[in-house]
>>> print(open('model-v3.csv').read())   # CSV, C-alpha atoms
chain,number,residue,atom,x,y,z
A,1,MET,CA,41.1,43.6,85.2
A,2,LEU,CA,44.2,45.4,86.5
A,3,LEU,CA,46.2,44.1,83.6
A,4,SER,CA,43.7,45.5,81.1
A,5,VAL,CA,43.8,48.9,82.8
A,6,LEU,CA,47.6,49.0,82.8
A,7,PHE,CA,47.6,47.9,79.1
A,8,TYR,CA,45.2,50.7,78.1
A,9,ILE,CA,47.3,53.2,80.1
A,10,LEU,CA,50.4,52.0,78.2
A,11,VAL,CA,48.5,52.5,74.9
A,12,ALA,CA,47.4,56.0,75.9
A,13,THR,CA,50.8,57.2,77.2
A,14,THR,CA,52.5,55.8,74.1
A,15,ALA,CA,50.1,57.7,71.9
A,16,ILE,CA,50.6,60.9,73.9
A,17,GLN,CA,54.4,60.6,73.7
A,18,LEU,CA,54.3,59.9,69.9
A,19,ILE,CA,52.3,63.1,69.4
A,20,TYR,CA,54.9,65.0,71.4
A,21,PHE,CA,57.6,63.5,69.2
A,22,LEU,CA,55.8,64.5,66.1
A,23,CYS,CA,55.6,68.1,67.4
A,24,PHE,CA,59.3,68.1,68.4
A,25,SER,CA,60.2,66.9,64.9
A,26,SER,CA,59.0,70.3,63.6
A,27,ILE,CA,62.5,71.8,64.2
A,28,LEU,CA,64.3,69.1,62.2
A,29,PHE,CA,63.1,70.2,58.8
A,30,ASN,CA,63.1,73.4,56.6
A,31,GLN,CA,65.2,75.4,59.0
A,32,LYS,CA,67.7,77.5,57.1
A,33,ASP,CA,70.8,79.0,58.6
A,34,HIS,CA,70.5,82.8,58.7
A,35,LYS,CA,73.1,85.4,58.0
A,36,THR,CA,72.1,89.0,58.2
A,37,THR,CA,72.9,91.4,55.3
A,38,THR,CA,72.1,94.6,57.1
A,39,GLN,CA,74.3,94.1,60.2
A,40,THR,CA,72.6,96.7,62.3
A,41,PRO,CA,74.2,97.8,65.6
A,42,ILE,CA,73.8,95.4,68.5
A,43,SER,CA,74.3,95.7,72.2
A,44,ILE,CA,75.7,92.6,74.0
A,45,ILE,CA,74.4,92.4,77.6
A,46,ILE,CA,76.3,90.5,80.2
A,47,CYS,CA,75.3,90.6,83.9
A,48,ALA,CA,78.0,89.4,86.2
A,49,LYS,CA,78.0,88.8,90.0
A,50,ASN,CA,81.4,87.6,91.3
A,51,GLU,CA,82.5,86.5,87.9
A,52,ALA,CA,86.1,87.9,87.8
A,53,GLN,CA,87.7,84.7,86.6
A,54,ASN,CA,85.1,83.8,84.1
A,55,LEU,CA,85.2,87.3,82.5
A,56,LYS,CA,89.0,87.0,82.1
A,57,GLN,CA,88.5,83.6,80.4
A,58,PHE,CA,85.4,84.2,78.2
A,59,LEU,CA,85.0,87.9,77.5
A,60,PRO,CA,87.8,87.8,74.8
A,61,TYR,CA,85.5,85.5,72.8
A,62,ILE,CA,82.9,88.2,72.7
A,63,ILE,CA,85.3,91.0,72.0
A,64,ASN,CA,86.7,89.1,69.0
A,65,GLN,CA,83.4,88.6,67.3
A,66,LYS,CA,83.3,89.2,63.5
A,67,TYR,CA,80.7,91.8,63.4
A,68,PRO,CA,81.1,95.5,62.4
A,69,ASP,CA,79.1,97.4,65.0
A,70,PHE,CA,78.5,96.2,68.5
A,71,GLU,CA,78.9,97.4,72.0
A,72,ILE,CA,79.3,95.2,75.1
A,73,VAL,CA,77.4,96.3,78.2
A,74,LEU,CA,79.0,94.8,81.3
A,75,ILE,CA,76.8,94.9,84.4
A,76,ASN,CA,78.6,94.5,87.7
A,77,ASP,CA,75.8,93.3,90.0
A,78,ALA,CA,77.2,94.2,93.4
A,79,SER,CA,80.1,91.8,93.2
A,80,SER,CA,82.4,91.2,96.2
A,81,ASP,CA,85.3,89.9,94.2
A,82,GLY,CA,87.4,91.7,91.5
A,83,THR,CA,84.7,91.6,88.9
A,84,LEU,CA,84.5,95.4,88.5
A,85,GLU,CA,88.3,95.7,88.3
A,86,VAL,CA,88.4,93.1,85.5
A,87,MET,CA,85.6,95.0,83.6
A,88,GLU,CA,87.5,98.2,83.9
A,89,LEU,CA,90.7,96.6,82.6
A,90,PHE,CA,88.9,95.4,79.5
A,91,GLN,CA,87.2,98.7,79.1
A,92,SER,CA,90.6,100.5,79.1
A,93,LYS,CA,91.6,98.4,76.1
A,94,HIS,CA,88.4,98.4,74.1
A,95,THR,CA,86.3,101.5,73.3
A,96,ASN,CA,83.1,99.5,72.7
A,97,ILE,CA,82.8,98.3,76.3
A,98,LYS,CA,80.4,100.1,78.6
A,99,ILE,CA,80.2,99.3,82.4
A,100,VAL,CA,77.1,99.6,84.6
A,101,ASN,CA,78.1,99.3,88.2
A,102,VAL,CA,75.1,98.2,90.3
A,103,LYS,CA,75.2,98.6,94.0
A,104,ASN,CA,73.0,96.8,96.5
A,105,ASN,CA,69.5,98.3,96.8
A,106,GLU,CA,67.3,97.5,99.8
A,107,SER,CA,64.2,97.0,97.6
A,108,PHE,CA,65.9,94.8,95.0
A,109,TRP,CA,68.8,93.2,96.9
A,110,GLY,CA,70.0,90.0,95.1
A,111,ASN,CA,67.6,90.6,92.2
A,112,LYS,CA,69.3,90.1,88.8
A,113,LYS,CA,66.3,91.7,87.1
A,114,TYR,CA,67.1,95.0,88.7
A,115,ALA,CA,70.7,94.9,87.5
A,116,LEU,CA,69.6,93.8,84.0
A,117,THR,CA,67.1,96.6,83.8
A,118,LEU,CA,69.8,99.2,84.5
A,119,GLY,CA,72.0,97.6,81.9
A,120,ILE,CA,69.3,97.5,79.2
A,121,LYS,CA,68.5,101.2,79.8
A,122,ALA,CA,72.1,102.0,79.4
A,123,ALA,CA,72.4,100.1,76.1
A,124,THR,CA,72.9,102.3,73.1
A,125,ASN,CA,71.5,100.1,70.3
A,126,PRO,CA,67.9,99.0,69.6
A,127,GLN,CA,68.7,95.3,69.4
A,128,LEU,CA,70.0,93.4,72.5
A,129,LEU,CA,71.8,90.1,72.7
A,130,PHE,CA,72.2,88.4,76.1
A,131,THR,CA,74.7,85.9,77.4
A,132,ASP,CA,76.3,85.0,80.7
A,133,ALA,CA,79.8,85.7,82.0
A,134,ASP,CA,80.6,81.9,82.0
A,135,CYS,CA,79.7,81.5,78.4
A,136,LYS,CA,81.6,81.7,75.2
A,137,PRO,CA,80.2,81.8,71.6
A,138,ALA,CA,80.7,78.6,69.6
A,139,SER,CA,82.1,80.7,66.7
A,140,LYS,CA,83.2,84.1,65.7
A,141,TYR,CA,80.0,84.6,63.9
A,142,TRP,CA,77.7,84.2,66.9
A,143,ILE,CA,76.4,87.8,66.8
A,144,ASP,CA,75.8,87.7,63.0
A,145,SER,CA,74.0,84.3,63.2
A,146,MET,CA,71.7,85.4,66.0
A,147,VAL,CA,71.0,88.9,64.7
A,148,GLY,CA,70.3,87.5,61.3
A,149,ASN,CA,67.0,86.2,62.5
A,150,PHE,CA,65.6,89.7,63.3
A,151,SER,CA,63.2,91.2,60.9
A,152,GLU,CA,60.3,93.7,60.9
A,153,GLU,CA,58.1,90.9,62.2
A,154,LYS,CA,60.6,89.0,64.4
A,155,SER,CA,61.6,90.9,67.4
A,156,ILE,CA,62.7,88.0,69.7
A,157,VAL,CA,65.3,85.3,68.8
A,158,LEU,CA,65.7,82.1,70.9
A,159,GLY,CA,69.2,80.6,70.8
A,160,TYR,CA,70.8,77.4,72.0
A,161,GLY,CA,73.0,77.5,75.0
A,162,LYS,CA,74.8,74.2,75.4
A,163,TYR,CA,77.2,73.0,78.1
A,164,LYS,CA,80.9,72.0,77.7
A,165,THR,CA,81.4,68.3,77.3
A,166,LYS,CA,83.1,66.4,80.1
A,167,ASN,CA,83.5,62.6,80.6
A,168,THR,CA,81.3,62.3,83.7
A,169,LEU,CA,77.8,61.0,84.4
A,170,VAL,CA,76.6,64.3,85.8
A,171,ASN,CA,77.8,66.1,82.7
A,172,LEU,CA,76.0,63.6,80.5
A,173,LEU,CA,72.8,64.2,82.4
A,174,VAL,CA,73.2,68.0,82.4
A,175,ARG,CA,73.7,68.0,78.6
A,176,PHE,CA,70.8,65.7,78.0
A,177,GLU,CA,68.4,67.8,80.1
A,178,THR,CA,69.7,70.9,78.3
A,179,LEU,CA,69.0,69.2,74.9
A,180,ILE,CA,65.5,68.1,75.9
A,181,THR,CA,64.7,71.7,77.1
A,182,ALA,CA,65.9,73.2,73.9
A,183,ILE,CA,64.0,70.7,71.7
A,184,GLN,CA,60.9,71.7,73.6
A,185,TYR,CA,61.2,75.5,73.6
A,186,PHE,CA,62.3,75.5,70.0
A,187,SER,CA,59.5,73.3,68.7
A,188,TYR,CA,56.9,75.1,70.7
A,189,ALA,CA,58.1,78.4,69.2
A,190,LYS,CA,58.2,76.9,65.7
A,191,LEU,CA,54.6,75.8,66.1
A,192,GLY,CA,53.5,79.3,67.3
A,193,ASN,CA,53.4,78.8,71.0
A,194,PRO,CA,56.7,80.1,72.5
A,195,TYR,CA,57.1,79.8,76.2
A,196,MET,CA,60.7,80.3,77.2
A,197,GLY,CA,64.3,81.0,76.2
A,198,VAL,CA,67.6,80.8,78.0
A,199,GLY,CA,69.4,83.9,79.2
A,200,ARG,CA,72.8,82.6,78.1
A,201,ASN,CA,71.7,82.9,74.5
A,202,LEU,CA,68.7,85.2,73.9
A,203,ALA,CA,68.1,88.3,71.7
A,204,TYR,CA,65.3,90.8,71.5
A,205,LYS,CA,64.6,94.3,70.4
A,206,LYS,CA,64.8,96.9,73.1
A,207,GLU,CA,61.3,98.0,72.2
A,208,GLU,CA,59.9,94.6,73.4
A,209,PHE,CA,61.4,95.2,76.9
A,210,PHE,CA,59.7,98.6,77.2
A,211,ARG,CA,56.4,97.4,75.6
A,212,THR,CA,56.1,94.8,78.4
A,213,LYS,CA,57.3,97.3,81.0
A,214,GLY,CA,60.4,95.2,81.5
A,215,TYR,CA,60.2,92.7,84.4
A,216,ILE,CA,57.7,94.7,86.4
A,217,LYS,CA,55.1,91.9,86.5
A,218,HIS,CA,57.4,89.4,88.0
A,219,ILE,CA,60.1,91.6,89.6
A,220,GLN,CA,59.4,90.0,93.0
A,221,ILE,CA,60.4,86.6,91.6
A,222,ARG,CA,64.2,86.2,91.9
A,223,SER,CA,64.7,84.2,88.8
A,224,GLY,CA,63.0,84.2,85.4
A,225,ASP,CA,64.7,87.2,83.6
A,226,ASP,CA,64.7,85.0,80.5
A,227,ASP,CA,61.7,82.5,80.6
A,228,LEU,CA,59.2,84.7,82.4
A,229,PHE,CA,60.1,87.6,80.1
A,230,ILE,CA,59.4,85.3,77.1
A,231,GLN,CA,56.2,84.3,78.7
A,232,GLU,CA,55.2,88.0,78.7
A,233,ALA,CA,56.6,89.2,75.5
A,234,ALA,CA,56.6,86.4,73.0
A,235,THR,CA,53.8,85.7,70.5
A,236,LYS,CA,53.3,83.3,67.7
A,237,THR,CA,54.4,85.9,65.1
A,238,ASN,CA,57.2,87.9,66.8
A,239,THR,CA,59.5,85.0,67.8
A,240,ALA,CA,62.2,83.3,65.7
A,241,ILE,CA,64.5,80.4,66.6
A,242,SER,CA,68.2,80.0,65.6
A,243,LEU,CA,69.5,76.5,65.0
A,244,ASP,CA,72.6,77.5,63.1
A,245,LYS,CA,75.7,76.0,64.8
A,246,ASP,CA,77.4,79.3,64.6
A,247,SER,CA,74.7,80.8,66.9
A,248,PHE,CA,75.3,78.4,69.8
A,249,THR,CA,77.0,79.4,73.0
A,250,ILE,CA,78.9,77.0,75.3
A,251,SER,CA,78.8,77.4,79.1
A,252,LYS,CA,80.7,76.0,82.0
A,253,PRO,CA,78.5,73.1,83.3
A,254,PRO,CA,77.7,72.2,86.9
A,255,THR,CA,80.3,69.8,88.0
A,256,THR,CA,78.5,68.0,90.8
A,257,LEU,CA,75.0,66.6,91.3
A,258,LYS,CA,74.4,68.9,94.2
A,259,GLU,CA,75.4,72.0,92.2
A,260,TRP,CA,73.1,71.0,89.4
A,261,PHE,CA,70.3,70.2,91.8
A,262,VAL,CA,70.4,73.7,93.3
A,263,GLN,CA,70.4,75.3,89.8
A,264,LYS,CA,67.5,73.2,88.5
A,265,ARG,CA,65.5,73.9,91.7
A,266,ARG,CA,65.6,77.5,90.9
A,267,HIS,CA,64.6,77.0,87.3
A,268,MET,CA,61.8,74.7,88.1
A,269,SER,CA,60.4,77.0,90.8
A,270,THR,CA,60.1,79.7,88.0
A,271,SER,CA,58.0,77.4,85.8
A,272,THR,CA,55.2,77.5,88.3
A,273,TYR,CA,54.5,81.1,87.0
A,274,TYR,CA,54.1,80.0,83.4
A,275,LYS,CA,50.8,80.4,81.6
A,276,PHE,CA,48.3,77.7,82.3
A,277,ASN,CA,48.4,76.1,78.8
A,278,HIS,CA,52.2,75.9,79.0
A,279,LYS,CA,52.1,74.2,82.4
A,280,VAL,CA,49.6,71.7,81.1
A,281,LEU,CA,51.6,70.8,78.0
A,282,LEU,CA,54.9,70.6,79.9
A,283,GLY,CA,53.3,68.7,82.8
A,284,LEU,CA,51.5,66.2,80.5
A,285,TYR,CA,54.8,65.4,78.7
A,286,PHE,CA,56.6,64.7,82.0
A,287,ILE,CA,53.7,62.7,83.6
A,288,SER,CA,52.8,60.7,80.6
A,289,LYS,CA,56.5,59.7,80.0
A,290,ALA,CA,56.9,58.6,83.7
A,291,ILE,CA,53.7,56.6,83.5
A,292,PHE,CA,54.8,55.0,80.2
A,293,TYR,CA,58.0,53.7,81.7
A,294,LEU,CA,56.3,52.5,84.9
A,295,THR,CA,53.6,50.6,83.1
A,296,ALA,CA,55.9,49.2,80.4
A,297,ILE,CA,58.3,47.8,83.1
A,298,VAL,CA,55.4,46.3,85.1
A,299,LEU,CA,53.8,44.8,82.0
A,300,VAL,CA,57.0,43.2,80.8
A,301,PHE,CA,56.8,40.9,83.7
A,302,LEU,CA,53.0,40.4,83.9
A,303,MET,CA,51.8,40.3,80.3
A,304,ASN,CA,52.6,38.5,77.0
A,305,TRP,CA,55.6,40.3,75.5
A,306,ARG,CA,54.2,40.0,72.0
A,307,ILE,CA,51.3,42.3,73.0
A,308,ILE,CA,53.3,45.1,74.6
A,309,THR,CA,56.4,45.0,72.4
A,310,PRO,CA,54.9,46.9,69.5
A,311,PHE,CA,54.1,49.9,71.8
A,312,ILE,CA,57.5,49.9,73.4
A,313,LEU,CA,59.2,49.7,70.0
A,314,ALA,CA,57.0,52.5,68.6
A,315,TYR,CA,58.1,54.7,71.5
A,316,LEU,CA,61.7,53.8,71.2
A,317,ILE,CA,61.7,54.4,67.4
A,318,GLY,CA,60.1,57.8,67.9
A,319,LEU,CA,62.6,58.6,70.7
A,320,PHE,CA,65.7,57.7,68.7
A,321,LEU,CA,64.5,59.3,65.5
A,322,VAL,CA,63.6,62.7,66.9
A,323,PHE,CA,66.1,63.0,69.8
A,324,GLY,CA,68.8,61.2,67.8
A,325,ILE,CA,68.6,63.6,64.9
A,326,SER,CA,68.3,66.6,67.3
A,327,ALA,CA,71.3,65.4,69.3
A,328,ASN,CA,73.3,65.2,66.1
A,329,ARG,CA,72.1,68.7,65.0
A,330,PHE,CA,73.0,70.3,68.4
A,331,ARG,CA,76.4,68.6,68.4
A,332,GLU,CA,75.6,66.1,71.2
A,333,LYS,CA,76.1,62.8,69.4
A,334,LYS,CA,77.2,60.8,72.4
A,335,ILE,CA,73.8,61.3,74.0
A,336,ILE,CA,72.2,59.1,71.4
A,337,PHE,CA,73.7,55.9,72.8
A,338,PHE,CA,72.2,56.4,76.3
A,339,LEU,CA,68.8,57.8,75.6
A,340,PRO,CA,66.4,55.4,77.5
A,341,PHE,CA,68.8,55.3,80.5
A,342,LEU,CA,69.1,59.1,80.5
A,343,GLU,CA,65.3,59.6,80.3
A,344,ILE,CA,64.7,57.4,83.3
A,345,ALA,CA,67.5,59.0,85.3
A,346,LEU,CA,66.2,62.5,84.4
A,347,LEU,CA,62.7,61.6,85.4
A,348,VAL,CA,63.9,60.5,88.9
A,349,PHE,CA,66.0,63.7,89.2
A,350,GLN,CA,63.1,66.0,88.1
A,351,PHE,CA,60.7,64.3,90.6
A,352,SER,CA,63.2,64.9,93.4
A,353,ILE,CA,63.4,68.6,92.5
A,354,PHE,CA,59.7,68.9,92.3
A,355,SER,CA,59.4,67.3,95.7
A,356,SER,CA,62.0,69.6,97.3
A,357,ASN,CA,60.4,72.7,95.9
A,358,ILE,CA,57.1,71.8,97.5
A,359,PHE,CA,58.6,72.3,101.0
A,360,SER,CA,61.0,75.2,100.3
A,361,LYS,CA,61.7,77.8,97.6
A,362,PRO,CA,65.1,79.0,96.3
A,363,THR,CA,65.8,82.7,96.6
A,364,HIS,CA,68.8,84.6,95.2
A,365,TRP,CA,70.2,84.2,91.7
A,366,LYS,CA,73.7,83.8,93.1
>>> encode(input="model-v3.csv", output="structure tokens")
Amino acid sequence: MLLSVLFYILVATTAIQLIYFLCFSSILFNQKDHKTTTQTPISIIICAKNEAQNLKQFLPYIINQKYPDFEIVLINDASSDGTLEVMELFQSKHTNIKIVNVKNNESFWGNKKYALTLGIKAATNPQLLFTDADCKPASKYWIDSMVGNFSEEKSIVLGYGKYKTKNTLVNLLVRFETLITAIQYFSYAKLGNPYMGVGRNLAYKKEEFFRTKGYIKHIQIRSGDDDLFIQEAATKTNTAISLDKDSFTISKPPTTLKEWFVQKRRHMSTSTYYKFNHKVLLGLYFISKAIFYLTAIVLVFLMNWRIITPFILAYLIGLFLVFGISANRFREKKIIFFLPFLEIALLVFQFSIFSSNIFSKPTHWK
């Protein structure tokens, strides 16, 4: 009786996962690279808190973009290091740099959304492109590639923010989790159900910010300036995705498991404020995958291998086809060789984060 129940659970979770794989495959086909012909003015928004060294290293990559008309809005979010001085040094050499110096406010202390709001209001141009101080564009045509997805109908563009490759296990897990997240939010958007974007590579028209009254509905939540805004502003018709390799950004990755754990705790705590249907879809994917692996491992030892092998093979074929092609497209080829191991490790990691967030909540963005 128990074996029969476990077998039917394996069948059901395999079917659920294959349906998800089919949905994820939507981003693999018929996606053309975009290049804009109008090249309308754009404002690059970078909010920095204690990022003096990162600005020195990465801001030149933004300044040297091949785009005819753009300004860079640098937001100093009450930094205690030399961030403001570094910004002022760059401004003295480049006329298209604008600085917004944000001081601590009792009502909004430690809230990145308050600083971003001031920066957005100071931006001159109607189209905004966001990245972080520790990011660099993957090419000199980053602006052009992202902005090329705007149209009269499309007012939000979701981009891919990858992490720099290092030869460590933590880095491999970080890059894998980033890839999985991107596959999900790109495919959901492609299918008309956008739910998030990443602030290190995100663009939207300024009118969208004011239409939703900015971050006012979730201003009390310390994180979520990217995904919670997309939850509020994105629709099935106004959101585009950019899969062009020129549109990628590359960020400094967390270097230790502890650092990554803290970062993902903050991100996962924000997801509790997602719309109900998004929480159901994301939760079902995670839970059904965990149950699939558990039942498959148990049944390998308790049941005739000829009966369960077709289901395990079907899952693995779907996994390697969809995630393998995606990894290649997003320039993460090494991930392909470790997929099942990485999935299991990530499930354990995500469960530990979920458990930690039950007992305490992360607070400030830095």
>>> closest_residue(input="model-v3.csv", among="A:Leu2, A:Leu339, A:Ile250, A:Ile297", to="Tyr163 of chain A", atoms="all atoms listed in the file")
A:Ile250
>>> closest_residue(input="model-v3.csv", among="A:Thr256, A:Asn54, A:Thr309, A:Gln17", to="Leu172 of chain A", atoms="all atoms listed in the file")
A:Thr256
>>> closest_residue(input="model-v3.csv", among="A:Thr270, A:Asn149, A:Ser92, A:Gln263", to="Met196 of chain A", atoms="only C-alpha atoms")
A:Thr270
>>> residues_around(input="model-v3.csv", residues="segment 79-88 of chain A", least_positions_apart="6", cutoff="10 Å", atoms="only C-alpha atoms", output="list in words")
Ala48, Lys49, Asn50, Glu51, Ala52, Gln53, Asn54, Leu55, Lys56, Leu59, Val73, His94, Ile97, Lys98, Ile99, Val100, Asn101, Val102, Lys103 and Asn104 of chain A
>>> atom_distance(input="model-v3.csv", atom1="atom CA of Phe150 of chain A", atom2="atom CA of Asp225 of chain A")
20.5 Å
>>> atom_distance(input="model-v3.csv", atom1="atom CA of Phe70 of chain A", atom2="atom CA of Gln91 of chain A")
13.9 Å
>>> atom_distance(input="model-v3.csv", atom1="atom CA of Leu299 of chain A", atom2="atom CA of Leu3 of chain A")
7.8 Å
>>> closest_residue(input="model-v3.csv", among="A:Tyr188, A:Phe29, A:Phe176, A:Trp305", to="Glu332 of chain A", atoms="all atoms listed in the file")
A:Phe176
>>> residues_around(input="model-v3.csv", residues="Tyr185 of chain A", least_positions_apart="2", cutoff="9 Å", atoms="only C-alpha atoms", output="list in words")
Leu158, Ile180, Thr181, Ala182, Ile183, Ser187, Tyr188, Ala189, Lys190, Asn193, Pro194, Tyr195, Met196 and Gly197 of chain A
>>> write_last_selection(input="model-v3.csv", atoms="C-alpha atoms", output="short mmCIF file (atom, residue, chain, number, x, y, z; two decimals), keeping the file's coordinate frame")
data_model
loop_
_atom_site.label_atom_id
_atom_site.label_comp_id
_atom_site.auth_asym_id
_atom_site.auth_seq_id
_atom_site.Cartn_x
_atom_site.Cartn_y
_atom_site.Cartn_z
CA LEU A 158 65.70 82.10 70.90
CA ILE A 180 65.50 68.10 75.90
CA THR A 181 64.70 71.70 77.10
CA ALA A 182 65.90 73.20 73.90
CA ILE A 183 64.00 70.70 71.70
CA SER A 187 59.50 73.30 68.70
CA TYR A 188 56.90 75.10 70.70
CA ALA A 189 58.10 78.40 69.20
CA LYS A 190 58.20 76.90 65.70
CA ASN A 193 53.40 78.80 71.00
CA PRO A 194 56.70 80.10 72.50
CA TYR A 195 57.10 79.80 76.20
CA MET A 196 60.70 80.30 77.20
CA GLY A 197 64.30 81.00 76.20
#
>>> closest_residue(input="model-v3.csv", among="A:Leu74, A:Ile335, A:Met268, A:Ala123", to="Asn171 of chain A", atoms="all atoms listed in the file")
A:Ile335
>>> closest_residue(input="model-v3.csv", among="A:Tyr8, A:Phe337, A:Tyr204, A:Tyr160", to="Ser43 of chain A", atoms="all atoms listed in the file")
A:Tyr204
>>> decode(input="model-v3.csv", residues="segment 278-294 of chain A", atoms="N, CA and C atoms", output="compact mmCIF listing (two decimals), in the first residue's frame")
# COMPACT_ATOMS: atom_id res chain seq x y z
N HIS A 278 1.17 33.79 -7.78
CA HIS A 278 2.61 33.64 -7.94
C HIS A 278 3.20 32.79 -6.82
N LYS A 279 2.73 33.00 -5.60
CA LYS A 279 3.23 32.19 -4.49
C LYS A 279 2.86 30.72 -4.69
N VAL A 280 1.67 30.46 -5.20
CA VAL A 280 1.23 29.08 -5.45
C VAL A 280 2.11 28.42 -6.51
N LEU A 281 2.32 29.13 -7.63
CA LEU A 281 3.10 28.56 -8.73
C LEU A 281 4.55 28.33 -8.34
N LEU A 282 5.15 29.29 -7.66
CA LEU A 282 6.54 29.16 -7.23
C LEU A 282 6.68 28.09 -6.15
N GLY A 283 5.73 28.06 -5.23
CA GLY A 283 5.76 27.07 -4.16
C GLY A 283 5.56 25.66 -4.68
N LEU A 284 4.65 25.50 -5.63
CA LEU A 284 4.39 24.17 -6.19
C LEU A 284 5.62 23.63 -6.90
N TYR A 285 6.33 24.51 -7.59
CA TYR A 285 7.54 24.08 -8.28
C TYR A 285 8.58 23.56 -7.28
N PHE A 286 8.78 24.32 -6.22
CA PHE A 286 9.76 23.94 -5.20
C PHE A 286 9.34 22.66 -4.47
N ILE A 287 8.10 22.60 -4.03
CA ILE A 287 7.63 21.45 -3.24
C ILE A 287 7.58 20.18 -4.07
N SER A 288 7.05 20.28 -5.30
CA SER A 288 6.94 19.08 -6.14
C SER A 288 8.33 18.55 -6.51
N LYS A 289 9.30 19.43 -6.70
CA LYS A 289 10.66 18.99 -7.01
C LYS A 289 11.27 18.27 -5.81
N ALA A 290 11.09 18.83 -4.62
CA ALA A 290 11.63 18.19 -3.41
C ALA A 290 11.00 16.81 -3.21
N ILE A 291 9.69 16.72 -3.39
CA ILE A 291 8.99 15.44 -3.22
C ILE A 291 9.42 14.44 -4.28
N PHE A 292 9.63 14.92 -5.51
CA PHE A 292 10.10 14.03 -6.58
C PHE A 292 11.41 13.37 -6.18
N TYR A 293 12.38 14.16 -5.75
CA TYR A 293 13.68 13.60 -5.39
C TYR A 293 13.58 12.64 -4.21
N LEU A 294 12.78 13.01 -3.21
CA LEU A 294 12.64 12.14 -2.04
C LEU A 294 12.02 10.80 -2.39
